[in-house]
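Enquirer: Below is entry03.txt; it holds compact mmCIF, C-alpha atoms and all ligand atoms.
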```txt
# COMPACT_ATOMS: atom_id res chain seq x y z
CA MET A 1 16.31 25.62 -18.18
CA GLY A 2 15.04 28.54 -20.28
CA ILE A 3 12.07 28.45 -22.57
CA ARG A 4 12.17 27.66 -26.31
CA GLY A 5 10.36 30.01 -28.67
CA ARG A 6 10.37 30.65 -32.38
CA PHE A 7 9.74 32.96 -35.29
CA ALA A 8 8.12 31.06 -38.12
CA PRO A 9 7.81 33.46 -41.06
CA SER A 10 6.50 32.41 -44.47
CA PRO A 11 8.82 33.81 -47.16
CA THR A 12 5.96 34.83 -49.43
CA GLY A 13 6.60 38.56 -49.40
CA GLU A 14 8.72 41.27 -47.86
CA MET A 15 8.77 41.50 -44.10
CA HIS A 16 6.61 44.43 -42.97
CA LEU A 17 6.01 46.25 -39.74
CA GLY A 18 3.38 43.69 -38.69
CA ASN A 19 5.86 40.80 -39.02
CA ALA A 20 8.46 42.83 -37.13
CA TRP A 21 5.89 43.36 -34.36
CA THR A 22 5.28 39.63 -33.76
CA ALA A 23 8.98 38.85 -34.23
CA LEU A 24 9.94 41.46 -31.63
CA LEU A 25 7.39 40.19 -29.10
CA ALA A 26 8.33 36.52 -29.62
CA TRP A 27 12.01 37.46 -29.28
CA LEU A 28 11.39 39.47 -26.10
CA GLN A 29 9.35 36.65 -24.57
CA VAL A 30 12.30 34.28 -25.11
CA ARG A 31 15.15 36.66 -24.28
CA SER A 32 13.47 37.96 -21.11
CA GLN A 33 13.38 34.38 -19.83
CA GLY A 34 16.91 33.42 -20.89
CA GLY A 35 15.51 31.06 -23.51
CA THR A 36 16.48 29.74 -26.93
CA MET A 37 15.17 31.41 -30.09
CA ILE A 38 14.56 29.32 -33.16
CA LEU A 39 14.06 30.62 -36.70
CA ARG A 40 12.00 28.32 -38.90
CA ILE A 41 11.24 29.20 -42.49
CA GLU A 42 7.67 28.17 -43.35
CA ASP A 43 8.24 27.56 -47.06
CA LEU A 44 5.75 24.72 -47.25
CA ASP A 45 4.18 26.08 -50.40
CA PRO A 46 6.81 26.04 -53.16
CA GLU A 47 4.74 28.25 -55.44
CA ARG A 48 4.33 31.09 -52.99
CA SER A 49 7.73 30.94 -51.26
CA LYS A 50 10.73 32.72 -52.76
CA PRO A 51 14.39 32.27 -51.70
CA ALA A 52 14.97 36.01 -52.20
CA TYR A 53 12.51 36.71 -49.38
CA VAL A 54 14.43 34.35 -47.09
CA SER A 55 17.70 36.26 -47.45
CA GLN A 56 15.79 39.51 -47.05
CA LEU A 57 14.25 38.15 -43.82
CA TYR A 58 17.68 37.38 -42.34
CA GLU A 59 18.83 40.85 -43.23
CA ASP A 60 15.74 42.61 -41.84
CA LEU A 61 15.70 40.65 -38.58
CA ARG A 62 19.41 41.25 -37.97
CA TRP A 63 19.06 44.92 -38.80
CA LEU A 64 16.28 45.16 -36.23
CA GLY A 65 18.57 43.52 -33.66
CA LEU A 66 16.52 40.32 -33.40
CA ASP A 67 18.85 37.33 -33.36
CA TRP A 68 18.28 33.60 -33.13
CA ASP A 69 20.17 30.63 -31.72
CA GLU A 70 18.99 27.89 -34.06
CA GLY A 71 17.95 28.30 -37.66
CA PRO A 72 18.73 27.42 -41.27
CA ASP A 73 21.97 29.39 -41.30
CA SER A 74 23.08 28.71 -37.71
CA GLY A 75 22.16 25.03 -37.44
CA GLY A 76 20.95 23.26 -34.30
CA ALA A 77 19.92 19.84 -33.05
CA ASP A 78 16.35 20.00 -34.30
CA GLY A 79 16.82 20.90 -37.97
CA PRO A 80 16.30 21.11 -40.81
CA TYR A 81 14.79 24.54 -40.25
CA HIS A 82 13.15 24.90 -43.65
CA GLN A 83 9.72 23.29 -43.87
CA ALA A 84 10.44 22.35 -47.49
CA GLU A 85 13.12 19.97 -46.12
CA ARG A 86 10.87 18.40 -43.49
CA ARG A 87 8.31 16.68 -45.71
CA ASP A 88 9.33 13.17 -44.51
CA LEU A 89 8.49 14.17 -40.94
CA TYR A 90 5.05 15.43 -41.96
CA GLN A 91 4.48 12.25 -43.93
CA GLN A 92 5.38 10.10 -40.90
CA ALA A 93 2.86 12.00 -38.80
CA LEU A 94 0.25 11.55 -41.52
CA VAL A 95 0.87 7.79 -41.52
CA ARG A 96 0.33 7.71 -37.74
CA LEU A 97 -2.95 9.59 -38.10
CA THR A 98 -3.98 7.26 -40.93
CA ASP A 99 -3.22 4.26 -38.71
CA LEU A 100 -5.59 5.77 -36.15
CA GLY A 101 -8.33 5.59 -38.81
CA LEU A 102 -8.82 9.35 -38.84
CA ILE A 103 -7.87 10.28 -42.40
CA TYR A 104 -10.09 10.25 -45.48
CA GLN A 105 -9.88 11.43 -49.06
CA CYS A 106 -11.82 14.54 -50.01
CA PHE A 107 -12.61 15.22 -53.65
CA CYS A 108 -14.56 18.44 -53.18
CA THR A 109 -13.67 21.51 -55.18
CA ARG A 110 -13.49 24.92 -53.54
CA ALA A 111 -16.90 25.84 -54.96
CA GLU A 112 -18.45 22.61 -53.66
CA ILE A 113 -17.03 23.28 -50.21
CA ARG A 114 -18.43 26.81 -50.27
CA ASP A 115 -21.88 25.52 -51.19
CA ALA A 116 -21.75 22.63 -48.73
CA ALA A 117 -20.93 25.01 -45.90
CA LEU A 118 -24.42 26.46 -46.33
CA ALA A 119 -27.32 24.68 -44.68
CA PRO A 120 -30.33 23.91 -47.00
CA ASN A 121 -31.88 27.25 -45.97
CA GLY A 122 -28.78 29.04 -47.30
CA ILE A 123 -27.51 30.01 -43.88
CA GLU A 124 -23.83 29.53 -43.11
CA THR A 125 -23.25 26.46 -40.94
CA GLY A 126 -20.12 28.11 -39.54
CA LEU A 127 -18.15 25.03 -40.49
CA GLU A 128 -15.17 25.18 -42.82
CA TYR A 129 -16.22 21.77 -44.11
CA PRO A 130 -19.33 19.75 -43.26
CA GLY A 131 -17.78 16.31 -43.88
CA THR A 132 -19.26 15.67 -47.35
CA CYS A 133 -16.64 13.08 -48.39
CA ARG A 134 -16.38 11.41 -44.98
CA PHE A 135 -19.12 8.94 -45.86
CA LEU A 136 -18.27 8.09 -49.48
CA SER A 137 -18.18 4.37 -50.25
CA GLU A 138 -15.05 2.85 -51.77
CA ARG A 139 -16.96 2.65 -55.05
CA GLN A 140 -17.82 6.34 -55.03
CA ARG A 141 -14.20 7.14 -54.30
CA GLU A 142 -13.07 5.04 -57.23
CA GLU A 143 -15.54 6.82 -59.47
CA LYS A 144 -14.20 10.21 -58.42
CA ARG A 145 -10.64 9.08 -59.00
CA GLY A 146 -11.77 7.75 -62.40
CA GLU A 147 -13.03 11.25 -63.23
CA GLY A 148 -9.44 12.35 -62.74
CA ARG A 149 -10.13 14.17 -59.45
CA ARG A 150 -7.13 14.27 -57.14
CA PRO A 151 -8.08 14.03 -53.48
CA ALA A 152 -6.94 16.15 -50.57
CA LEU A 153 -6.69 14.38 -47.21
CA ARG A 154 -8.87 15.45 -44.29
CA ILE A 155 -8.95 14.43 -40.68
CA LYS A 156 -12.14 13.47 -38.79
CA VAL A 157 -12.48 15.82 -35.87
CA PRO A 158 -14.13 14.83 -32.58
CA ASP A 159 -17.31 16.27 -31.10
CA GLU A 160 -15.45 17.49 -28.07
CA LEU A 161 -14.70 20.81 -26.44
CA ILE A 162 -11.04 21.78 -26.52
CA SER A 163 -9.97 24.60 -24.25
CA PHE A 164 -6.72 26.29 -23.43
CA ASN A 165 -5.55 29.32 -21.54
CA ASP A 166 -3.90 31.78 -23.90
CA LEU A 167 -1.28 33.98 -22.23
CA CYS A 168 -2.74 37.05 -23.98
CA GLN A 169 -6.37 36.26 -24.75
CA GLY A 170 -7.29 34.18 -21.70
CA MET A 171 -9.49 31.10 -21.89
CA PHE A 172 -10.41 29.98 -25.40
CA ARG A 173 -12.78 27.09 -26.14
CA GLN A 174 -13.82 25.42 -29.35
CA ASN A 175 -15.73 22.33 -30.36
CA LEU A 176 -13.98 21.07 -33.49
CA ALA A 177 -16.96 19.14 -34.87
CA LYS A 178 -19.44 21.97 -34.26
CA GLN A 179 -17.29 25.00 -35.04
CA VAL A 180 -14.58 23.89 -37.48
CA GLY A 181 -15.31 20.63 -39.26
CA ASP A 182 -12.89 18.07 -40.68
CA PHE A 183 -9.81 19.98 -41.80
CA THR A 184 -7.20 19.38 -44.48
CA VAL A 185 -3.91 17.74 -43.54
CA GLN A 186 -2.65 17.32 -47.10
CA ARG A 187 -3.68 19.32 -50.13
CA ALA A 188 -4.68 17.72 -53.43
CA ASP A 189 -1.29 18.70 -54.89
CA GLY A 190 0.46 16.65 -52.17
CA ILE A 191 1.63 19.61 -50.05
CA HIS A 192 1.09 18.98 -46.34
CA ALA A 193 -1.21 21.49 -44.67
CA TYR A 194 0.01 24.21 -42.34
CA GLN A 195 -2.04 22.80 -39.41
CA LEU A 196 -0.17 19.50 -39.55
CA ALA A 197 3.28 20.88 -40.36
CA VAL A 198 3.25 23.49 -37.60
CA VAL A 199 2.39 20.88 -34.95
CA VAL A 200 5.05 18.45 -36.13
CA ASP A 201 7.64 21.24 -36.25
CA ASP A 202 6.86 22.92 -32.94
CA GLY A 203 6.55 19.50 -31.30
CA LEU A 204 9.81 18.04 -32.64
CA MET A 205 11.66 21.32 -32.10
CA ARG A 206 10.51 21.14 -28.45
CA ILE A 207 9.02 24.63 -28.61
CA SER A 208 7.66 25.52 -25.17
CA HIS A 209 6.21 28.94 -26.06
CA VAL A 210 4.44 29.94 -29.27
CA LEU A 211 3.82 33.68 -29.64
CA ARG A 212 2.08 34.67 -32.90
CA GLY A 213 -0.68 36.82 -34.36
CA ASP A 214 -4.22 36.40 -33.08
CA ASP A 215 -5.39 35.43 -36.57
CA LEU A 216 -4.20 31.95 -35.55
CA LEU A 217 -6.10 31.81 -32.26
CA ALA A 218 -8.95 29.82 -33.81
CA SER A 219 -6.47 27.33 -35.33
CA THR A 220 -5.01 26.48 -31.95
CA PRO A 221 -7.61 23.99 -30.64
CA ARG A 222 -7.17 21.81 -33.74
CA GLN A 223 -3.41 22.03 -33.30
CA ILE A 224 -3.68 21.06 -29.60
CA TRP A 225 -5.78 18.08 -30.60
CA LEU A 226 -3.10 17.04 -33.13
CA TYR A 227 -0.28 17.43 -30.56
CA ASN A 228 -2.13 15.03 -28.30
CA LEU A 229 -2.82 12.50 -31.05
CA LEU A 230 0.85 12.55 -32.07
CA HIS A 231 2.08 12.43 -28.44
CA LEU A 232 3.95 15.71 -28.87
CA PRO A 233 4.32 18.21 -25.99
CA VAL A 234 1.77 21.04 -26.19
CA PRO A 235 3.40 24.50 -25.89
CA GLN A 236 2.00 27.55 -24.11
CA PHE A 237 0.34 29.92 -26.53
CA ALA A 238 0.23 33.73 -26.66
CA HIS A 239 -1.80 35.27 -29.48
CA VAL A 240 -0.97 38.93 -29.84
CA PRO A 241 -3.17 41.55 -31.57
CA LEU A 242 -2.35 42.26 -35.18
CA LEU A 243 -1.35 45.63 -36.58
CA TYR A 244 -3.79 47.29 -38.97
CA GLY A 245 -3.21 50.00 -41.58
CA ALA A 246 -5.20 53.24 -41.76
CA ASP A 247 -7.39 51.49 -44.37
CA GLY A 248 -8.63 49.09 -41.68
CA HIS A 249 -6.88 46.08 -43.22
CA ARG A 250 -4.31 44.08 -41.30
CA LEU A 251 -0.78 44.94 -42.38
CA SER A 252 0.30 42.89 -45.36
CA LYS A 253 2.19 43.16 -48.60
CA ARG A 254 -0.29 45.72 -49.86
CA HIS A 255 1.14 48.19 -47.31
CA GLY A 256 4.42 48.27 -49.26
CA ASP A 257 5.50 51.52 -47.61
CA LEU A 258 5.58 49.66 -44.29
CA ALA A 259 7.97 46.97 -45.53
CA ILE A 260 11.02 46.94 -43.28
CA ALA A 261 13.38 47.22 -46.27
CA ALA A 262 11.41 50.20 -47.64
CA LEU A 263 11.49 51.96 -44.26
CA ARG A 264 15.23 51.37 -44.01
CA GLN A 265 15.71 52.80 -47.51
CA THR A 266 13.80 55.95 -46.65
CA GLY A 267 16.25 56.50 -43.82
CA VAL A 268 14.30 55.25 -40.80
CA LYS A 269 16.64 53.83 -38.16
CA ALA A 270 16.05 50.36 -36.65
CA GLU A 271 16.01 51.86 -33.12
CA LYS A 272 13.11 54.10 -34.09
CA ILE A 273 11.07 51.22 -35.47
CA ILE A 274 11.75 49.19 -32.33
CA GLY A 275 10.88 52.21 -30.18
CA TYR A 276 7.60 52.68 -32.04
CA LEU A 277 6.68 48.98 -31.66
CA ALA A 278 7.68 49.03 -27.99
CA PHE A 279 5.39 52.02 -27.48
CA LEU A 280 2.51 50.14 -29.16
CA ALA A 281 3.23 47.18 -26.87
CA GLY A 282 3.00 49.36 -23.76
CA ILE A 283 6.68 48.79 -22.94
CA LEU A 284 7.68 52.45 -23.49
CA PRO A 285 5.51 55.39 -22.35
CA CYS A 286 6.36 57.41 -25.47
CA ILE A 287 7.98 56.83 -28.85
CA GLU A 288 11.74 57.05 -28.47
CA PRO A 289 14.63 55.25 -30.18
CA VAL A 290 15.71 52.10 -28.40
CA ALA A 291 17.70 48.97 -29.25
CA ALA A 292 15.73 45.72 -29.01
CA ARG A 293 18.11 44.33 -26.39
CA GLU A 294 17.46 47.33 -24.08
CA LEU A 295 13.81 46.24 -23.85
CA ILE A 296 14.61 42.79 -22.49
CA PRO A 297 14.45 43.74 -18.78
CA GLU A 298 11.29 45.82 -19.36
CA PHE A 299 9.22 43.23 -21.18
CA GLN A 300 5.95 42.04 -19.67
CA LEU A 301 3.46 40.28 -21.88
CA GLU A 302 0.65 41.29 -19.48
CA ARG A 303 1.02 44.95 -20.49
CA LEU A 304 -0.03 44.18 -24.04
CA SER A 305 -3.59 45.15 -24.89
CA VAL A 306 -5.61 42.55 -26.83
CA LYS A 307 -7.31 45.14 -29.06
CA PRO A 308 -6.34 45.42 -32.75
CA ILE A 309 -3.76 48.17 -33.19
CA ARG A 310 -3.97 50.75 -35.96
CA VAL A 311 -0.67 51.99 -37.34
CA ASP A 312 -0.30 55.51 -38.60
CA VAL A 313 2.05 55.53 -41.59
CA SER A 314 2.88 59.20 -41.21
CA GLN A 315 3.91 58.58 -37.60
CA VAL A 316 6.22 55.80 -38.76
CA LEU A 317 7.70 57.86 -41.59
CA SER A 318 8.26 60.83 -39.32
CA LEU A 319 10.64 58.61 -37.37
CA LYS A 320 13.43 59.39 -39.89
CA GLY A 321 16.88 60.50 -38.84
N1 LIG B 401 4.04 31.04 -41.01
C1 LIG B 401 2.96 31.73 -40.40
C2 LIG B 401 3.00 33.19 -40.82
O1 LIG B 401 4.00 33.67 -41.32
C3 LIG B 401 3.04 31.70 -38.89
C4 LIG B 401 2.58 30.40 -38.36
C5 LIG B 401 2.68 30.27 -36.84
O2 LIG B 401 3.29 31.13 -36.18
O3 LIG B 401 2.17 29.27 -36.35
O4 LIG B 401 1.99 33.85 -40.69
```
For the structure just supplied, provide its representation as structure tokens.
Ligand code: GLU
Expert:
Amino acid sequence: MGIRGRFAPSPTGEMHLGNAWTALLAWLQVRSQGGTMILRIEDLDPERSKPAYVSQLYEDLRWLGLDWDEGPDSGGADGPYHQAERRDLYQQALVRLTDLGLIYQCFCTRAEIRDAALAPNGIETGLEYPGTCRFLSERQREEKRGEGRRPALRIKVPDELISFNDLCQGMFRQNLAKQVGDFTVQRADGIHAYQLAVVVDDGLMRISHVLRGDDLLASTPRQIWLYNLLHLPVPQFAHVPLLYGADGHRLSKRHGDLAIAALRQTGVKAEKIIGYLAFLAGILPCIEPVAARELIPEFQLERLSVKPIRVDVSQVLSLKG
């Protein structure tokens, strides 16, 4: 049986070269092992997600030659494939975690969290949250609710080392209590947190291989811990280096000229973009046009360097014709 992998884009902006990079690598990992590719739209946040970006995503991915077997438009046994339609599943998981006695209400504002993350001497504790609300009495909680504060929900993390072997980055270890702190599983506005949703989704969709940007490497130990608590199968992880612009920032919406739609409009062909990305990935020795499917037999994750990769816009734009 082949592997099961996924693309999980958030439709909060136009797809750019950096998204195409992770999509291509995730697709090649699956296709080179005769696996099943799943497209999941991570539209958890209704304010930031826009339907127009979803249709644009379909168009961009197809234009690049990256297809999928299960997804919102193609169906499949493990749908729905929009996070916005999976809230009941996240809620069920939250109930299970609550039954385990691990969830508490947190009334802290962003500013309070920022201040609390500093030790009394003003030095960063390195924790995202030092557990301020973990020890509130029921009375204190009632008082806070009385002040009209709406709580987020956090989970109590263990003082335990979690390690895993990343297919790109090698061994990664983290102590959740000492390096992360209790993290949010539901925001104060009722939206479930990414960390919870992604585990429920990848677990229930039986994803065996997660390939994504290395900005999520440090989120993985808390996700592994959640998989285990929820008795969901833990996938293999591969965290690939991100692409950076000439300004030193990782590619994002601000690099509008590197949006896939913008490149297409300026006359760049899909095969050239794929060829450029394949060169960056060490699959091709030089930049030459290639269809994504032609790379399938050549793909080896081991050839990928783990260093951040800087993209030269002029090199991309000179790919025209
Ligand atoms: N939705 C996230 C993103 O677009 C990816 C999350 C993941 O791959 O786990 O950055």
Enquirer: Would you mind telling me which residue in A:Gln265, A:Thr132, A:Ser318, A:Gln179 lies nearest to Asp60 of chain A when using all atoms listed in the file?
Expert: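 When distances to Asp60 of chain A are compared using all atoms listed in the file, the smallest one comes from A:Gln265.
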Enquirer: Tell me, counting all atoms listed in the file, for each residue of segment 113-206 of chain A within 10 Å of segment 41-46 of chain A, which pair of atoms is nearest and how far apart they are in Å to one decimal, in rows ordered by chain and increasing number, as a tab-separated table.
Expert:
```
residue	atom	partner	partner_atom	distance
A:Ile191	CA	A:Asp45	CA	7.0
A:His192	CA	A:Leu44	CA	7.4
A:Ala193	CA	A:Leu44	CA	8.1
A:Tyr194	CA	A:Leu44	CA	7.6
A:Ala197	CA	A:Leu44	CA	8.3
A:Val198	CA	A:Glu42	CA	8.6
A:Asp201	CA	A:Glu42	CA	9.9
```
Enquirer: Please determine, counting all atoms listed in the file, which residue among A:Tyr244, A:Tyr129, A:Trp63, A:Trp27 has the shortest atom-to-atom distance to Ala270 of chain A.
Expert: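 Comparing A:Tyr244, A:Tyr129, A:Trp63, A:Trp27 against Ala270 of chain A, the winner is A:Trp63.
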Enquirer: Can you work out which residues are within 8 Å of ligand LIG 401 (chain B), considering all atoms listed in the file, and then hand them over as a VMD selection string?
Expert: chain A and resid 7 to 11 19 41 to 42 194 198 210 to 213 216
Enquirer: Nearest to Leu243 of chain A among A:Ala20, A:Leu28, A:Ile155, A:Ala84, with distances taken over all atoms listed in the file: which residue is it?
Expert: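 Closest to Leu243 of chain A of all the choices is A:Ala20.
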Enquirer: Please enclose the listed atoms of segment 108-115 of chain A in an axis-aligned box, pad each side by 5 Å, and write out the centre and the three edge lengths in Å, rounded to one decimal, as JSON.
Expert:
```
{"center_x": -17.7, "center_y": 22.6, "center_z": -52.7, "size_x": 18.4, "size_y": 18.4, "size_z": 15.0}
```
Enquirer: Residues near Leu317 of chain A, anyone? I mean within 8 Å using only C-alpha atoms, not counting same-chain ones fewer than 3 positions away, as a PDB file with C-alpha atoms, keeping the file's coordinate frame.
Expert:
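Saved file out.pdb follows:
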```pdb
ATOM      1  CA  LEU A 263      11.490  51.960 -44.260  1.00  0.00           C
ATOM      2  CA  VAL A 268      14.300  55.250 -40.800  1.00  0.00           C
ATOM      3  CA  VAL A 313       2.050  55.530 -41.590  1.00  0.00           C
ATOM      4  CA  SER A 314       2.880  59.200 -41.210  1.00  0.00           C
ATOM      5  CA  LYS A 320      13.430  59.390 -39.890  1.00  0.00           C
TER       6      LYS A 320
END
```
Enquirer: Quick check, in Å to one decimal: how far apart do atom CA of Ala238 of chain A and atom CA of Asp166 of chain A lie?
Expert: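 Between atom CA of Ala238 of chain A and atom CA of Asp166 of chain A the gap works out to 5.3 Å.
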Enquirer: With all atoms listed in the file as the atoms that count, which of A:Val54, A:Ala218, A:Leu319, A:Ala259 lies nearest to Ile274 of chain A?
Expert: A:Leu319
Enquirer: Give me, please, the distance in Å between atom CA of Glu143 of chain A and atom CA of Leu97 of chain A, quoted to one decimal.
Expert: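 Computing it gives 25.0 Å between the two atoms.
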Enquirer: Some atoms are missing, so please complete segment 74-84 of chain A with all heavy atoms and return it as a PDB file, keeping the file's coordinate frame.
Expert:
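After the write, result_28.pdb holds the following:
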```pdb
ATOM      1  N   SER A  74      22.249  28.915 -38.901  1.00  0.00           N
ATOM      2  CA  SER A  74      23.080  28.710 -37.710  1.00  0.00           C
ATOM      3  C   SER A  74      23.060  27.265 -37.233  1.00  0.00           C
ATOM      4  O   SER A  74      23.796  26.895 -36.333  1.00  0.00           O
ATOM      5  CB  SER A  74      22.667  29.660 -36.592  1.00  0.00           C
ATOM      6  OG  SER A  74      21.284  29.882 -36.615  1.00  0.00           O
ATOM      7  N   GLY A  75      22.219  26.442 -37.816  1.00  0.00           N
ATOM      8  CA  GLY A  75      22.160  25.030 -37.440  1.00  0.00           C
ATOM      9  C   GLY A  75      21.478  24.823 -36.101  1.00  0.00           C
ATOM     10  O   GLY A  75      20.832  25.728 -35.568  1.00  0.00           O
ATOM     11  N   GLY A  76      21.617  23.610 -35.551  1.00  0.00           N
ATOM     12  CA  GLY A  76      20.950  23.260 -34.300  1.00  0.00           C
ATOM     13  C   GLY A  76      20.555  21.796 -34.337  1.00  0.00           C
ATOM     14  O   GLY A  76      20.575  21.167 -35.409  1.00  0.00           O
ATOM     15  N   ALA A  77      20.176  21.281 -33.173  1.00  0.00           N
ATOM     16  CA  ALA A  77      19.920  19.840 -33.050  1.00  0.00           C
ATOM     17  C   ALA A  77      18.586  19.419 -33.667  1.00  0.00           C
ATOM     18  O   ALA A  77      18.366  18.238 -33.913  1.00  0.00           O
ATOM     19  CB  ALA A  77      19.943  19.458 -31.576  1.00  0.00           C
ATOM     20  N   ASP A  78      17.705  20.377 -33.905  1.00  0.00           N
ATOM     21  CA  ASP A  78      16.350  20.000 -34.300  1.00  0.00           C
ATOM     22  C   ASP A  78      16.004  20.365 -35.748  1.00  0.00           C
ATOM     23  O   ASP A  78      14.836  20.500 -36.091  1.00  0.00           O
ATOM     24  CB  ASP A  78      15.333  20.623 -33.338  1.00  0.00           C
ATOM     25  CG  ASP A  78      15.557  20.134 -31.918  1.00  0.00           C
ATOM     26  OD1 ASP A  78      15.489  18.920 -31.711  1.00  0.00           O
ATOM     27  OD2 ASP A  78      15.852  20.962 -31.038  1.00  0.00           O
ATOM     28  N   GLY A  79      17.044  20.534 -36.580  1.00  0.00           N
ATOM     29  CA  GLY A  79      16.820  20.900 -37.970  1.00  0.00           C
ATOM     30  C   GLY A  79      16.291  19.719 -38.775  1.00  0.00           C
ATOM     31  O   GLY A  79      16.074  18.651 -38.204  1.00  0.00           O
ATOM     32  N   PRO A  80      16.117  19.859 -40.089  1.00  0.00           N
ATOM     33  CA  PRO A  80      16.300  21.110 -40.810  1.00  0.00           C
ATOM     34  C   PRO A  80      15.278  22.172 -40.407  1.00  0.00           C
ATOM     35  O   PRO A  80      14.221  21.854 -39.876  1.00  0.00           O
ATOM     36  CB  PRO A  80      16.141  20.706 -42.280  1.00  0.00           C
ATOM     37  CG  PRO A  80      15.445  19.397 -42.283  1.00  0.00           C
ATOM     38  CD  PRO A  80      15.696  18.749 -40.976  1.00  0.00           C
ATOM     39  N   TYR A  81      15.635  23.433 -40.687  1.00  0.00           N
ATOM     40  CA  TYR A  81      14.790  24.540 -40.250  1.00  0.00           C
ATOM     41  C   TYR A  81      13.996  25.171 -41.396  1.00  0.00           C
ATOM     42  O   TYR A  81      13.419  26.241 -41.222  1.00  0.00           O
ATOM     43  CB  TYR A  81      15.650  25.592 -39.524  1.00  0.00           C
ATOM     44  CG  TYR A  81      16.221  25.030 -38.229  1.00  0.00           C
ATOM     45  CD1 TYR A  81      17.464  24.430 -38.205  1.00  0.00           C
ATOM     46  CD2 TYR A  81      15.481  25.064 -37.051  1.00  0.00           C
ATOM     47  CE1 TYR A  81      17.981  23.876 -37.034  1.00  0.00           C
ATOM     48  CE2 TYR A  81      15.980  24.518 -35.875  1.00  0.00           C
ATOM     49  CZ  TYR A  81      17.232  23.928 -35.874  1.00  0.00           C
ATOM     50  OH  TYR A  81      17.718  23.385 -34.712  1.00  0.00           O
ATOM     51  N   HIS A  82      14.022  24.504 -42.538  1.00  0.00           N
ATOM     52  CA  HIS A  82      13.150  24.900 -43.650  1.00  0.00           C
ATOM     53  C   HIS A  82      12.047  23.863 -43.744  1.00  0.00           C
ATOM     54  O   HIS A  82      12.351  22.670 -43.840  1.00  0.00           O
ATOM     55  CB  HIS A  82      13.924  24.863 -44.984  1.00  0.00           C
ATOM     56  CG  HIS A  82      14.658  26.114 -45.298  1.00  0.00           C
ATOM     57  ND1 HIS A  82      14.072  27.155 -45.959  1.00  0.00           N
ATOM     58  CD2 HIS A  82      15.934  26.487 -45.058  1.00  0.00           C
ATOM     59  CE1 HIS A  82      14.960  28.132 -46.108  1.00  0.00           C
ATOM     60  NE2 HIS A  82      16.096  27.755 -45.560  1.00  0.00           N
ATOM     61  N   GLN A  83      10.796  24.284 -43.760  1.00  0.00           N
ATOM     62  CA  GLN A  83       9.720  23.290 -43.870  1.00  0.00           C
ATOM     63  C   GLN A  83       9.835  22.468 -45.146  1.00  0.00           C
ATOM     64  O   GLN A  83       9.484  21.290 -45.142  1.00  0.00           O
ATOM     65  CB  GLN A  83       8.347  23.985 -43.825  1.00  0.00           C
ATOM     66  CG  GLN A  83       8.000  24.471 -42.430  1.00  0.00           C
ATOM     67  CD  GLN A  83       6.555  24.896 -42.293  1.00  0.00           C
ATOM     68  OE1 GLN A  83       5.976  25.456 -43.231  1.00  0.00           O
ATOM     69  NE2 GLN A  83       5.971  24.678 -41.125  1.00  0.00           N
ATOM     70  N   ALA A  84      10.327  23.081 -46.218  1.00  0.00           N
ATOM     71  CA  ALA A  84      10.440  22.350 -47.490  1.00  0.00           C
ATOM     72  C   ALA A  84      11.333  21.115 -47.344  1.00  0.00           C
ATOM     73  O   ALA A  84      11.224  20.175 -48.131  1.00  0.00           O
ATOM     74  CB  ALA A  84      10.974  23.276 -48.568  1.00  0.00           C
TER      75      ALA A  84
END
```
